[in-house]
$ cat protein16.cif   # mmCIF, C-alpha atoms and all ligand atoms
data_final
loop_
_atom_site.label_atom_id
_atom_site.label_comp_id
_atom_site.auth_asym_id
_atom_site.auth_seq_id
_atom_site.Cartn_x
_atom_site.Cartn_y
_atom_site.Cartn_z
CA MET D 1 16.39 37.25 -84.62
CA LEU D 2 17.27 33.59 -84.71
CA ILE D 3 14.77 32.04 -87.12
CA LYS D 4 15.37 32.12 -90.88
CA GLU D 5 12.82 34.09 -92.89
CA GLN D 6 12.17 31.18 -95.23
CA GLU D 7 11.33 28.85 -92.33
CA LEU D 8 8.85 31.39 -91.00
CA ASP D 9 7.24 31.80 -94.42
CA THR D 10 6.71 28.04 -94.72
CA LEU D 11 5.41 27.79 -91.17
CA PHE D 12 2.85 30.57 -91.63
CA GLN D 13 1.81 29.19 -95.02
CA TRP D 14 1.15 25.72 -93.61
CA ILE D 15 -0.68 27.06 -90.55
CA GLU D 16 -2.89 29.03 -92.92
CA GLU D 17 -3.47 26.02 -95.18
CA TYR D 18 -4.56 23.37 -92.67
CA ASP D 19 -7.91 23.23 -90.89
CA THR D 20 -6.68 20.81 -88.25
CA ILE D 21 -3.42 21.46 -86.41
CA ILE D 22 -2.23 19.05 -83.73
CA ILE D 23 0.59 20.10 -81.39
CA HIS D 24 2.76 17.59 -79.53
CA ARG D 25 5.70 17.95 -77.12
CA HIS D 26 8.00 15.62 -75.21
CA VAL D 27 7.21 12.95 -72.61
CA ARG D 28 7.66 13.90 -68.94
CA PRO D 29 6.70 17.46 -69.82
CA ASP D 30 8.30 20.44 -68.11
CA PRO D 31 6.92 23.99 -68.18
CA ASP D 32 8.75 24.80 -71.42
CA ALA D 33 7.28 21.76 -73.16
CA VAL D 34 3.73 22.60 -72.09
CA GLY D 35 4.25 26.37 -72.35
CA SER D 36 5.47 26.17 -75.95
CA GLN D 37 2.78 23.62 -76.88
CA LEU D 38 -0.23 25.35 -75.31
CA GLY D 39 1.14 28.84 -75.98
CA LEU D 40 1.30 28.03 -79.70
CA LYS D 41 -2.14 26.42 -79.55
CA LEU D 42 -3.67 29.59 -78.06
CA LEU D 43 -1.91 31.81 -80.60
CA ILE D 44 -3.23 29.80 -83.55
CA GLN D 45 -6.71 29.53 -82.03
CA ASN D 46 -6.83 33.25 -81.45
CA ALA D 47 -5.80 34.05 -85.02
CA TYR D 48 -7.92 31.33 -86.65
CA PRO D 49 -11.01 30.67 -84.52
CA ASN D 50 -12.44 28.30 -87.14
CA LYS D 51 -9.53 25.90 -87.15
CA GLN D 52 -9.41 22.82 -84.94
CA VAL D 53 -6.23 23.16 -82.85
CA LEU D 54 -5.47 20.26 -80.51
CA ALA D 55 -2.83 19.61 -77.86
CA ALA D 56 -1.63 15.99 -77.71
CA GLY D 57 0.04 13.99 -74.95
CA THR D 58 -0.57 12.77 -71.42
CA SER D 59 -1.61 15.29 -68.79
CA SER D 60 0.80 16.14 -66.02
CA ASP D 61 -0.69 16.80 -62.58
CA SER D 62 2.04 19.17 -61.54
CA LEU D 63 1.52 21.28 -64.68
CA ALA D 64 -2.29 21.15 -64.69
CA TRP D 65 -2.27 24.88 -63.91
CA MET D 66 -0.90 25.50 -67.39
CA GLY D 67 -3.87 23.86 -69.13
CA GLU D 68 -5.33 20.60 -70.34
CA MET D 69 -4.47 18.22 -73.15
CA ASP D 70 -7.17 17.28 -75.70
CA ASP D 71 -8.72 13.89 -76.47
CA ILE D 72 -7.44 12.96 -79.89
CA THR D 73 -8.06 9.94 -82.11
CA LYS D 74 -6.07 8.68 -85.07
CA ASP D 75 -8.78 10.02 -87.41
CA ASP D 76 -7.98 13.57 -86.34
CA TYR D 77 -4.59 13.22 -88.04
CA GLU D 78 -6.06 12.81 -91.48
CA GLU D 79 -5.23 15.95 -93.48
CA ALA D 80 -3.73 17.51 -90.34
CA LEU D 81 -0.65 19.63 -89.81
CA VAL D 82 1.35 18.29 -86.85
CA ILE D 83 3.78 20.50 -84.93
CA VAL D 84 6.11 19.07 -82.27
CA THR D 85 7.66 21.56 -79.84
CA ASP D 86 10.65 21.18 -77.50
CA THR D 87 11.47 17.62 -78.54
CA ALA D 88 14.91 16.75 -79.91
CA ASN D 89 14.26 13.16 -80.93
CA GLN D 90 11.25 11.33 -82.19
CA ASP D 91 11.32 8.62 -79.54
CA ARG D 92 10.61 11.30 -76.92
CA VAL D 93 7.47 12.65 -78.58
CA ASP D 94 4.49 12.22 -76.25
CA GLY D 95 1.34 10.89 -77.91
CA ALA D 96 0.80 8.32 -80.62
CA HIS D 97 0.29 9.11 -84.32
CA TYR D 98 2.37 12.31 -84.35
CA ASP D 99 3.75 11.06 -87.68
CA ALA D 100 0.32 10.24 -89.11
CA GLY D 101 -0.50 13.79 -90.23
CA ASP D 102 -0.08 15.31 -93.66
CA LYS D 103 2.92 17.43 -92.68
CA LEU D 104 5.17 17.49 -89.64
CA ILE D 105 7.06 20.49 -88.21
CA LYS D 106 9.70 20.39 -85.48
CA ILE D 107 10.21 23.52 -83.35
CA ASP D 108 13.00 22.92 -80.87
CA HIS D 109 15.95 24.42 -79.00
CA HIS D 110 17.96 21.27 -78.20
CA LEU D 111 21.15 20.21 -79.94
CA VAL D 112 20.12 18.78 -83.27
CA VAL D 113 20.51 15.01 -83.19
CA ASP D 114 17.41 13.90 -85.07
CA ARG D 115 16.31 15.88 -88.12
CA TYR D 116 12.69 14.80 -88.28
CA GLY D 117 9.76 16.45 -90.00
CA ASP D 118 9.10 18.32 -93.26
CA LEU D 119 10.25 21.58 -91.70
CA GLN D 120 12.69 22.05 -88.84
CA ILE D 121 12.91 25.24 -86.83
CA ALA D 122 15.73 24.08 -84.59
CA TYR D 123 17.92 26.60 -82.77
CA PRO D 124 20.08 25.36 -79.89
CA GLU D 125 21.02 29.01 -79.31
CA ALA D 126 17.53 29.62 -77.91
CA THR D 127 17.08 29.06 -74.18
CA SER D 128 13.70 27.46 -74.66
CA ALA D 129 11.09 26.43 -77.16
CA SER D 130 8.88 29.12 -75.62
CA GLU D 131 11.44 31.73 -76.64
CA LEU D 132 11.21 30.47 -80.24
CA ILE D 133 7.39 30.50 -80.22
CA THR D 134 7.52 34.10 -78.95
CA GLU D 135 9.87 35.04 -81.78
CA ILE D 136 7.53 33.33 -84.26
CA ALA D 137 4.58 35.40 -83.00
CA SER D 138 6.62 38.63 -82.96
CA ARG D 139 7.73 38.13 -86.55
CA SER D 140 4.38 36.92 -87.87
CA LYS D 141 3.39 40.38 -89.16
CA ASN D 142 0.24 40.01 -87.12
CA LYS D 143 -0.65 36.60 -88.55
CA LEU D 144 -0.27 35.21 -85.01
CA PRO D 145 -0.75 38.21 -82.72
CA MET D 146 0.43 37.77 -79.13
CA THR D 147 -2.26 37.42 -76.45
CA LYS D 148 -2.15 37.71 -72.70
CA GLU D 149 -3.11 34.05 -72.14
CA ALA D 150 -0.40 32.80 -74.50
CA SER D 151 2.11 35.20 -72.91
CA GLU D 152 1.57 33.69 -69.48
CA LEU D 153 2.35 30.20 -70.75
CA LEU D 154 5.34 31.26 -72.83
CA TYR D 155 6.77 33.36 -70.00
CA ALA D 156 6.44 30.35 -67.68
CA GLY D 157 8.35 28.25 -70.23
CA ILE D 158 11.20 30.75 -70.48
CA VAL D 159 11.35 31.30 -66.70
CA ALA D 160 11.54 27.55 -66.11
CA ASP D 161 14.16 26.71 -68.74
CA THR D 162 16.43 29.61 -67.78
CA GLY D 163 16.02 28.99 -64.02
CA ARG D 164 14.45 32.44 -63.73
CA PHE D 165 16.87 34.06 -66.17
CA LEU D 166 19.93 32.63 -64.41
CA TYR D 167 21.10 30.12 -67.03
CA SER D 168 22.52 31.79 -70.10
CA PRO D 169 19.80 34.20 -71.19
CA THR D 170 20.72 35.96 -74.45
CA PRO D 171 19.56 39.25 -75.96
CA TYR D 172 16.88 37.16 -77.75
CA THR D 173 15.66 35.84 -74.40
CA PHE D 174 15.14 39.34 -73.05
CA GLU D 175 13.63 40.43 -76.35
CA ALA D 176 11.08 37.62 -75.98
CA ALA D 177 10.50 38.41 -72.29
CA LYS D 178 9.90 42.07 -73.23
CA THR D 179 7.22 41.04 -75.74
CA LEU D 180 5.52 38.82 -73.16
CA VAL D 181 5.67 41.21 -70.22
CA ALA D 182 4.22 43.93 -72.46
CA GLN D 183 0.99 41.88 -72.41
CA ASP D 184 0.54 42.99 -68.82
CA ILE D 185 0.97 39.50 -67.36
CA ASP D 186 1.42 38.92 -63.63
CA THR D 187 5.08 37.90 -63.68
CA ARG D 188 5.21 37.60 -59.91
CA LEU D 189 2.38 35.08 -59.85
CA ILE D 190 4.05 32.99 -62.56
CA THR D 191 7.47 33.10 -60.89
CA ASP D 192 5.92 32.13 -57.55
CA ARG D 193 4.71 28.89 -59.12
CA PHE D 194 8.37 27.92 -59.34
CA SER D 195 9.57 29.22 -56.00
CA GLU D 196 6.86 28.02 -53.59
CA THR D 197 7.57 24.65 -51.99
CA SER D 198 5.57 22.34 -49.72
CA LEU D 199 6.78 21.31 -46.29
CA ASN D 200 7.50 17.80 -47.63
CA GLU D 201 9.71 19.33 -50.27
CA VAL D 202 11.60 21.36 -47.69
CA ARG D 203 12.26 18.22 -45.63
CA PHE D 204 13.31 16.40 -48.79
CA GLN D 205 15.77 19.21 -49.53
CA GLY D 206 17.19 18.61 -46.04
CA PHE D 207 17.77 14.97 -47.04
CA ALA D 208 19.52 16.09 -50.22
CA TYR D 209 21.82 18.56 -48.46
CA GLU D 210 22.84 15.77 -46.06
CA ASN D 211 23.34 13.09 -48.70
CA ILE D 212 24.76 14.64 -51.84
CA GLU D 213 28.25 13.25 -52.32
CA PHE D 214 30.77 15.93 -53.20
CA HIS D 215 33.73 14.28 -54.90
CA ASP D 216 37.21 15.83 -54.96
CA GLU D 217 37.20 15.98 -58.75
CA GLY D 218 34.50 18.69 -58.75
CA VAL D 219 31.65 16.23 -59.28
CA ALA D 220 28.56 15.85 -57.09
CA SER D 221 26.12 12.94 -57.11
CA LEU D 222 22.92 11.89 -55.38
CA VAL D 223 20.88 8.68 -55.53
CA ILE D 224 17.17 9.14 -54.86
CA THR D 225 15.52 5.79 -54.16
CA ARG D 226 11.79 4.96 -54.25
CA ASP D 227 11.98 4.55 -50.45
CA ILE D 228 13.18 8.12 -50.08
CA MET D 229 10.42 9.43 -52.36
CA GLU D 230 7.94 7.42 -50.28
CA LYS D 231 9.38 8.68 -46.99
CA TYR D 232 9.12 12.34 -48.00
CA GLN D 233 5.95 11.86 -50.04
CA ILE D 234 7.69 13.33 -53.06
CA SER D 235 6.75 12.57 -56.66
CA GLU D 236 9.44 11.86 -59.20
CA ASP D 237 8.71 15.22 -60.84
CA ALA D 238 9.20 17.02 -57.54
CA THR D 239 12.71 15.58 -57.03
CA ASN D 240 13.66 18.30 -59.50
CA ILE D 241 14.01 20.83 -56.66
CA VAL D 242 17.27 19.33 -55.42
CA LEU D 243 18.90 18.78 -58.79
CA ASN D 244 20.84 22.03 -58.95
CA ILE D 245 21.97 22.30 -55.33
CA PRO D 246 25.62 21.52 -56.31
CA SER D 247 25.67 24.44 -58.75
CA THR D 248 25.97 26.80 -55.80
CA VAL D 249 28.88 24.95 -54.17
CA SER D 250 32.26 26.35 -55.10
CA GLY D 251 34.57 23.89 -56.80
CA MET D 252 31.68 21.82 -58.25
CA TYR D 253 31.44 21.72 -62.04
CA THR D 254 29.33 18.68 -62.93
CA TRP D 255 26.62 16.87 -61.02
CA VAL D 256 24.15 14.06 -61.41
CA ASN D 257 20.97 12.73 -59.83
CA PHE D 258 20.04 9.04 -60.14
CA ILE D 259 16.32 8.62 -59.62
CA GLU D 260 15.19 5.06 -59.00
CA GLN D 261 12.37 3.96 -61.32
CA GLU D 262 9.44 1.71 -60.50
CA GLY D 263 10.49 -1.15 -62.77
CA ASP D 264 13.97 -2.31 -63.65
CA ASN D 265 13.93 -0.97 -67.16
CA PRO D 266 15.76 1.28 -66.64
CA LYS D 267 16.64 1.03 -62.97
CA TYR D 268 17.57 4.72 -62.72
CA ARG D 269 16.67 7.87 -64.58
CA VAL D 270 19.89 9.90 -64.84
CA ARG D 271 19.85 13.71 -64.78
CA LEU D 272 23.16 15.34 -65.61
CA ARG D 273 24.07 18.99 -65.27
CA SER D 274 27.26 21.02 -65.74
CA LYS D 275 28.69 24.49 -65.50
CA GLY D 276 31.99 23.37 -67.01
CA PRO D 277 32.61 20.55 -69.47
CA ALA D 278 29.99 19.35 -71.97
CA ILE D 279 28.19 16.30 -70.59
CA ASN D 280 25.91 15.35 -73.48
CA GLN D 281 28.37 12.76 -74.79
CA ILE D 282 28.25 10.91 -71.48
CA ALA D 283 24.43 11.01 -71.68
CA GLU D 284 24.53 9.69 -75.23
CA ALA D 285 26.77 6.80 -74.15
CA HIS D 286 24.11 5.81 -71.61
CA ASP D 287 21.04 5.73 -73.81
CA GLY D 288 20.25 9.43 -73.47
CA GLY D 289 21.07 12.84 -74.84
CA GLY D 290 20.34 16.52 -74.37
CA HIS D 291 22.31 19.75 -74.18
CA ALA D 292 25.96 20.41 -73.41
CA MET D 293 25.08 21.65 -69.91
CA ALA D 294 21.86 19.68 -69.21
CA SER D 295 21.32 16.11 -70.30
CA GLY D 296 19.40 13.00 -69.35
CA ALA D 297 20.18 9.28 -69.61
CA LYS D 298 19.40 5.84 -68.19
CA ALA D 299 21.33 3.52 -65.86
CA ASN D 300 20.45 -0.12 -65.42
CA SER D 301 22.40 -0.87 -62.24
CA LEU D 302 24.33 0.71 -59.38
CA GLU D 303 27.49 -0.28 -61.30
CA GLU D 304 26.33 1.84 -64.23
CA THR D 305 25.71 4.81 -61.89
CA GLU D 306 29.29 4.42 -60.63
CA ALA D 307 30.55 4.29 -64.20
CA ILE D 308 28.74 7.55 -64.99
CA ILE D 309 30.23 9.23 -61.92
CA ASN D 310 33.69 8.06 -63.02
CA GLU D 311 33.14 9.43 -66.52
CA LEU D 312 32.08 12.76 -65.02
CA LYS D 313 35.22 12.75 -62.87
CA GLN D 314 37.36 12.18 -65.96
CA ILE D 315 35.88 14.99 -68.05
CA THR D 316 35.79 17.38 -65.11
CA THR D 317 39.43 16.69 -64.24
CA GLU D 318 40.34 17.24 -67.89
CA PHE D 319 38.32 20.46 -67.96
CA LEU D 320 40.02 21.79 -64.82
CA LYS D 321 43.47 20.96 -66.22
CA ASN D 322 42.81 23.15 -69.25
CA LYS D 323 40.98 25.89 -67.42
P1 LIG R 401 16.05 16.32 -67.68
O1 LIG R 401 17.17 15.99 -66.78
O2 LIG R 401 15.05 15.23 -67.80
O3 LIG R 401 15.47 17.66 -67.35
O4 LIG R 401 16.64 16.46 -69.15
C1 LIG R 401 17.61 17.40 -69.48
C2 LIG R 401 17.72 17.48 -70.95
O5 LIG R 401 18.18 16.24 -71.47
C3 LIG R 401 16.39 17.76 -71.60
O6 LIG R 401 16.59 18.84 -72.46
C4 LIG R 401 16.02 16.53 -72.36
O7 LIG R 401 15.57 16.83 -73.62
C5 LIG R 401 17.29 15.73 -72.45
N1 LIG R 401 17.02 14.31 -72.12
C6 LIG R 401 16.59 13.84 -70.95
N2 LIG R 401 16.45 12.50 -70.97
C7 LIG R 401 16.80 12.11 -72.21
C8 LIG R 401 16.84 10.85 -72.90
N3 LIG R 401 16.54 9.70 -72.27
N4 LIG R 401 17.23 10.86 -74.19
C9 LIG R 401 17.56 11.99 -74.83
N5 LIG R 401 17.54 13.21 -74.24
C10 LIG R 401 17.16 13.29 -72.97
#
$ encode --input "protein16.cif" --output "structure tokens"
Amino acid sequence: MLIKEQELDTLFQWIEEYDTIIIHRHVRPDPDAVGSQLGLKLLIQNAYPNKQVLAAGTSSDSLAWMGEMDDITKDDYEEALVIVTDTANQDRVDGAHYDAGDKLIKIDHHLVVDRYGDLQIAYPEATSASELITEIASRSKNKLPMTKEASELLYAGIVADTGRFLYSPTPYTFEAAKTLVAQDIDTRLITDRFSETSLNEVRFQGFAYENIEFHDEGVASLVITRDIMEKYQISEDATNIVLNIPSTVSGMYTWVNFIEQEGDNPKYRVRLRSKGPAINQIAEAHDGGGHAMASGAKANSLEETEAIINELKQITTEFLKNK
């Protein structure tokens, strides 16, 4: 059990109190963002059919299978309870007016950098926001009973954020998975959503295997330009499939993808990963943030990408010295 009893009491009290509840999550949503957002929406709707429960933010084509966002106006926020899932800092909340409600709750599993909201349920020990939502339902004393539809979304969120239970699942993760699988969900179908690739994606992986630079210091890097995305007909979201290739290469401890953006502001989206030293400080130094082992940042030039690689080399060399 991660979540403090008092936080749960306040959460359930506020959910009970408000007739309109609007749920946000972060920009560039991933399955955990949408899974925790829509999973919570379904749980509240199921328990309180007379409440208006809305999901805010832009729709993502690649995650359309998880469900739709709602059309929301500023008026909806009057007298509303707003809950933001999976979002460490306020500037990454997707959807305007998230702060225009009566009360604001943050439910998140990232390192705590921005303590926003009237209530924070923030546990970096959790693998995913979906894991936290599952715990909330399990400990709700039937105020938010689990449903099959919500389970499918929450399971997808956990599967995605743990890389199919590879990255640091804890006893709480399996506890949550047990609750969700008990709803008789088709786990194979959900997992297949993450493992099936298109032919374009396979060819793009071929490009990545050929072009990732493996540096002697245990650092790997790859630049993905707009031309390459065009050539392989790959969306920016889909470049995700090559991000963790270096994790399987022995001797590699940190790695980074630089994904060229359409405009120049920033020029590159930076995706950092590690299985050794903490990388979030490097991300923070380049207008980003995130977790110790998975962070994101921005680079405005090729020189800045080089600087980031050099910083990774430094911390990785240091890490290996002390290993
Ligand atoms: P990504 O590489 O986009 O999957 O992001 C990895 C982690 O870093 C996620 O948990 C994000 O919350 C965080 N992150 C990504 N980009 C940023 C950013 N620009 N600022 C702060 N945190 C970020």
$ residues_near_ligand --input "protein16.cif" --ligand "ligand LIG 401 (chain R)" --cutoff "8 Å" --atoms "only C-alpha atoms and all ligand atoms" --output "count of residues only"
26
$ atom_distance --input "protein16.cif" --atom1 "CA of Ser59 (chain D)" --atom2 "CA of Ala126 (chain D)"
25.6 Å
$ atom_distance --input "protein16.cif" --atom1 "CA of Ala122 (chain D)" --atom2 "CA of Ala80 (chain D)"
21.3 Å
$ atom_distance --input "protein16.cif" --atom1 "CA of Leu222 (chain D)" --atom2 "CA of Ala208 (chain D)"
7.5 Å
$ closest_residue --input "protein16.cif" --among "D:Lys275, D:Lys231, D:His24, D:His109" --to "Leu81 (chain D)" --atoms "all atoms listed in the file"
D:His24
$ closest_residue --input "protein16.cif" --among "D:Ala129, D:Leu2, D:Ile308, D:Ala292" --to "Gln37 (chain D)" --atoms "all atoms listed in the file"
D:Ala129
$ closest_residue --input "protein16.cif" --among "D:Ile212, D:Ala160, D:Val219, D:Leu144" --to "Thr191 (chain D)" --atoms "only C-alpha atoms"
D:Ala160
$ residues_around --input "protein16.cif" --residues "Leu189 (chain D)" --least-positions-apart "3" --cutoff "12 Å" --atoms "all atoms listed in the file" --output "MDAnalysis selection string"
chainID D and resid 65 152:153 155:156 159 185:186 192:196
$ residues_around --input "protein16.cif" --residues "Gly218 (chain D)" --least-positions-apart "4" --cutoff "10 Å" --atoms "all atoms listed in the file" --output "list in words"
Phe214, Pro246, Val249, Ser250, Gly251, Met252, Tyr253, Thr254, Trp255, Gly276, Leu312, Lys313, Thr316, Thr317 and Leu320 of chain D
$ residues_around --input "protein16.cif" --residues "Asp71 (chain D)" --least-positions-apart "3" --cutoff "12 Å" --atoms "only C-alpha atoms" --output "MDAnalysis selection string"
chainID D and resid 22 53:59 68 74:76 95:96
$ write_last_selection --input "protein16.cif" --atoms "C-alpha atoms" --output "PDB file, in the coordinates of the input"
ATOM      1  CA  ILE D  22      -2.230  19.050 -83.730  1.00  0.00           C
ATOM      2  CA  VAL D  53      -6.230  23.160 -82.850  1.00  0.00           C
ATOM      3  CA  LEU D  54      -5.470  20.260 -80.510  1.00  0.00           C
ATOM      4  CA  ALA D  55      -2.830  19.610 -77.860  1.00  0.00           C
ATOM      5  CA  ALA D  56      -1.630  15.990 -77.710  1.00  0.00           C
ATOM      6  CA  GLY D  57       0.040  13.990 -74.950  1.00  0.00           C
ATOM      7  CA  THR D  58      -0.570  12.770 -71.420  1.00  0.00           C
ATOM      8  CA  SER D  59      -1.610  15.290 -68.790  1.00  0.00           C
ATOM      9  CA  GLU D  68      -5.330  20.600 -70.340  1.00  0.00           C
ATOM     10  CA  LYS D  74      -6.070   8.680 -85.070  1.00  0.00           C
ATOM     11  CA  ASP D  75      -8.780  10.020 -87.410  1.00  0.00           C
ATOM     12  CA  ASP D  76      -7.980  13.570 -86.340  1.00  0.00           C
ATOM     13  CA  GLY D  95       1.340  10.890 -77.910  1.00  0.00           C
ATOM     14  CA  ALA D  96       0.800   8.320 -80.620  1.00  0.00           C
TER      15      ALA D  96
END
$ closest_residue --input "protein16.cif" --among "D:Thr10, D:Asn280, D:Thr179, D:Thr20" --to "Ile105 (chain D)" --atoms "all atoms listed in the file"
D:Thr10
$ residues_near_point --input "protein16.cif" --point "(5.4, 37.7, -72.6)" --cutoff "7 Å" --atoms "all atoms listed in the file" --output "list in words"
Ser151, Glu152, Leu154, Tyr155, Ala176, Ala177, Lys178, Thr179, Leu180, Val181, Ala182 and Gln183 of chain D
$ closest_residue --input "protein16.cif" --among "D:Gln45, D:Gln314, D:Thr248, D:Ser301" --to "Ala150 (chain D)" --atoms "only C-alpha atoms"
D:Gln45
$ axis_aligned_box --input "protein16.cif" --around "region 159-172 of chain D" --padding-each-side "5 Å" --output "lines of an AutoDock Vina configuration file"
center_x = 16.9
center_y = 33.0
center_z = -70.7
size_x = 21.2
size_y = 22.5
size_z = 24.0
